[in-house]
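S.K.: First, the structure itself, so that you have it in front of you.
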Amino acid sequence: MKITIIKIVLVTICIFGFTVASAQTAIGKTTVDGNSILDFGTGNKGIILPWVQDASTLTGANATNGTLLYDVQTKKVRARVNGAWMDLSRNGDNTSTHTIKINAHLAKNEIANASHSGVIIGATTSSAIGVLVLESDTKALILPKMESPHLNMRNPEPGTMAYDTVMDLLCVYDGKEWSFWGI
């Protein structure tokens, strides 16, 4: 009887501890800054967004507001806002001849063809479809922080995002140039 009670207590503590620990996640560091759901350490690495052949073909759960991706057809980083795609890349000429390193396996429209979500952080399920889905009403994503990513990141992949700690700006790389976003 004593052993059974001890097992129940230990299992309860483990489940409670896992639930609390999974509420916030740090990658490349040991603690989470602020009230974030996912936080990255500093260094010369950014987030590389999923590559999709043509974002305009995504509908329904595949195009949830807040979705970020790299659109291979337009060669731009795009965000889904108020039911429409917004370009986060510069408003330059997207028909230019700049070469983008596209691997055949990355260029597939994997989000549109997904039958389920990938990794979900912050909830047990989600109606959104994506490689990484963050679900929270009270927490947000903190991008990788670095000094001057446009100067210090060697050979970034199209769709790379980071937060520039020198200029206090969101930096987005579209395969040709960096775009900077701030208030």
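Ligands are numbered from 1 in the order shown, chains are lettered A, B, ... in the order of the structure tokens, and residues start at 1 in each chain.
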Would you list the contacts of Trp85 in chain A as a compact mmCIF listing (two decimals) with N, CA, C and O atoms, in the first residue's frame, taking every protein, DNA or RNA residue within 12 Å and counting only C-alpha atoms, but skipping same-chain residues closer than 4 positions in sequence?
M.R.:
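Produced file result17.txt, reproduced below:
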```txt
# COMPACT_ATOMS: atom_id res chain seq x y z
N ASP A 54 4.19 28.24 -53.47
CA ASP A 54 3.34 29.39 -53.80
C ASP A 54 2.36 29.61 -52.65
O ASP A 54 1.39 28.88 -52.51
N ALA A 55 2.62 30.62 -51.83
CA ALA A 55 1.78 30.87 -50.65
C ALA A 55 0.34 31.17 -51.03
O ALA A 55 -0.57 30.88 -50.26
N SER A 56 0.11 31.71 -52.21
CA SER A 56 -1.26 32.08 -52.60
C SER A 56 -2.16 30.86 -52.75
O SER A 56 -3.38 30.99 -52.74
N THR A 57 -1.59 29.67 -52.85
CA THR A 57 -2.41 28.46 -52.97
C THR A 57 -2.83 27.90 -51.61
O THR A 57 -3.64 26.99 -51.55
N LEU A 58 -2.27 28.44 -50.53
CA LEU A 58 -2.59 27.94 -49.20
C LEU A 58 -3.92 28.53 -48.73
O LEU A 58 -4.15 29.73 -48.82
N THR A 59 -4.78 27.68 -48.21
CA THR A 59 -6.09 28.12 -47.72
C THR A 59 -6.41 27.41 -46.41
O THR A 59 -5.75 26.46 -46.03
N ALA A 63 -3.34 28.32 -43.93
CA ALA A 63 -3.06 29.75 -44.04
C ALA A 63 -3.62 30.49 -42.83
O ALA A 63 -4.29 31.50 -42.96
N THR A 64 -3.34 30.00 -41.65
CA THR A 64 -3.80 30.62 -40.42
C THR A 64 -3.10 31.96 -40.23
O THR A 64 -1.91 32.08 -40.51
N ASN A 65 -3.84 32.97 -39.75
CA ASN A 65 -3.21 34.25 -39.44
C ASN A 65 -2.05 34.02 -38.49
O ASN A 65 -2.15 33.24 -37.55
N GLY A 66 -0.92 34.68 -38.75
CA GLY A 66 0.28 34.48 -37.95
C GLY A 66 1.27 33.52 -38.59
O GLY A 66 2.37 33.35 -38.10
N THR A 67 0.90 32.89 -39.71
CA THR A 67 1.79 31.98 -40.41
C THR A 67 2.93 32.77 -41.05
O THR A 67 2.70 33.78 -41.69
N LEU A 68 4.15 32.29 -40.90
CA LEU A 68 5.33 32.88 -41.54
C LEU A 68 5.95 31.82 -42.43
O LEU A 68 6.08 30.67 -42.03
N LEU A 69 6.36 32.22 -43.65
CA LEU A 69 6.97 31.26 -44.57
C LEU A 69 7.81 31.99 -45.60
O LEU A 69 7.78 33.21 -45.71
N TYR A 70 8.60 31.20 -46.35
CA TYR A 70 9.34 31.73 -47.49
C TYR A 70 8.65 31.24 -48.74
O TYR A 70 8.51 30.04 -48.97
N ASP A 71 8.17 32.17 -49.58
CA ASP A 71 7.45 31.85 -50.81
C ASP A 71 8.47 31.74 -51.94
O ASP A 71 9.08 32.73 -52.35
N THR A 74 7.55 33.90 -55.29
CA THR A 74 7.76 35.35 -55.24
C THR A 74 9.13 35.72 -54.69
O THR A 74 9.52 36.87 -54.75
N LYS A 76 10.03 35.81 -51.57
CA LYS A 76 9.83 36.74 -50.47
C LYS A 76 9.42 35.99 -49.21
O LYS A 76 8.79 34.95 -49.27
N VAL A 77 9.79 36.56 -48.08
CA VAL A 77 9.29 36.09 -46.80
C VAL A 77 7.91 36.71 -46.64
O VAL A 77 7.73 37.91 -46.87
N ARG A 78 6.93 35.89 -46.28
CA ARG A 78 5.55 36.37 -46.20
C ARG A 78 4.92 35.98 -44.87
O ARG A 78 5.26 34.97 -44.29
N ALA A 79 3.99 36.82 -44.43
CA ALA A 79 3.25 36.58 -43.19
C ALA A 79 1.77 36.65 -43.50
O ALA A 79 1.33 37.48 -44.31
N ARG A 80 0.99 35.79 -42.86
CA ARG A 80 -0.47 35.81 -43.04
C ARG A 80 -1.04 36.76 -41.97
O ARG A 80 -0.88 36.52 -40.77
N VAL A 81 -1.68 37.85 -42.41
CA VAL A 81 -2.24 38.86 -41.53
C VAL A 81 -3.64 39.22 -42.02
O VAL A 81 -3.80 39.57 -43.20
N SER A 89 9.62 40.92 -47.06
CA SER A 89 10.83 41.25 -47.79
C SER A 89 10.69 42.67 -48.33
O SER A 89 9.60 43.22 -48.39
```
S.K.: List as a list of chain:residue names the protein and nucleic acid residues near Asn44 in chain A, meaning an atom at most 9 Å away when only C-alpha atoms are counted, but skip any in the same chain fewer than 6 places from it.
M.R.: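 The residues satisfying every condition are A:Pro144, A:Lys145, A:Met146, A:Glu147, A:Pro149, A:Asn152, A:Met153, A:Arg154.
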S.K.: What's the separation between CA of Gly83 in chain A and CA of Asn62 in chain A, in Å to one decimal place?
M.R.: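 Going from CA of Gly83 in chain A over to CA of Asn62 in chain A covers 11.4 Å.
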S.K.: Name the residues of range 23-180 of chain A that fall into alpha helix (DSSP H) according to DSSP on the backbone, using the chain letters and numbers of this document, as a list in words.
M.R.: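 Answer for range 23-180 of chain A restricted to alpha helix (DSSP H) is Pro149, His150, Leu151 and Asn152 of chain A.
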S.K.: Can you spit out the residues from that selection as an mmCIF file, in the first residue's frame, using N, CA, C and O atoms?
M.R.:
```
data_model
loop_
_atom_site.group_PDB
_atom_site.id
_atom_site.type_symbol
_atom_site.label_atom_id
_atom_site.label_comp_id
_atom_site.auth_asym_id
_atom_site.auth_seq_id
_atom_site.Cartn_x
_atom_site.Cartn_y
_atom_site.Cartn_z
ATOM 1 N N PRO A 149 22.914 40.838 -37.845
ATOM 2 C CA PRO A 149 22.884 39.580 -38.596
ATOM 3 C C PRO A 149 23.281 39.754 -40.058
ATOM 4 O O PRO A 149 23.910 38.876 -40.636
ATOM 5 N N HIS A 150 22.942 40.899 -40.638
ATOM 6 C CA HIS A 150 23.283 41.148 -42.047
ATOM 7 C C HIS A 150 24.789 41.232 -42.260
ATOM 8 O O HIS A 150 25.276 41.043 -43.371
ATOM 9 N N LEU A 151 25.550 41.484 -41.197
ATOM 10 C CA LEU A 151 27.011 41.536 -41.289
ATOM 11 C C LEU A 151 27.681 40.273 -40.748
ATOM 12 O O LEU A 151 28.741 39.886 -41.224
ATOM 13 N N ASN A 152 27.072 39.643 -39.769
ATOM 14 C CA ASN A 152 27.726 38.538 -39.069
ATOM 15 C C ASN A 152 27.257 37.144 -39.454
ATOM 16 O O ASN A 152 27.914 36.171 -39.102
#
```
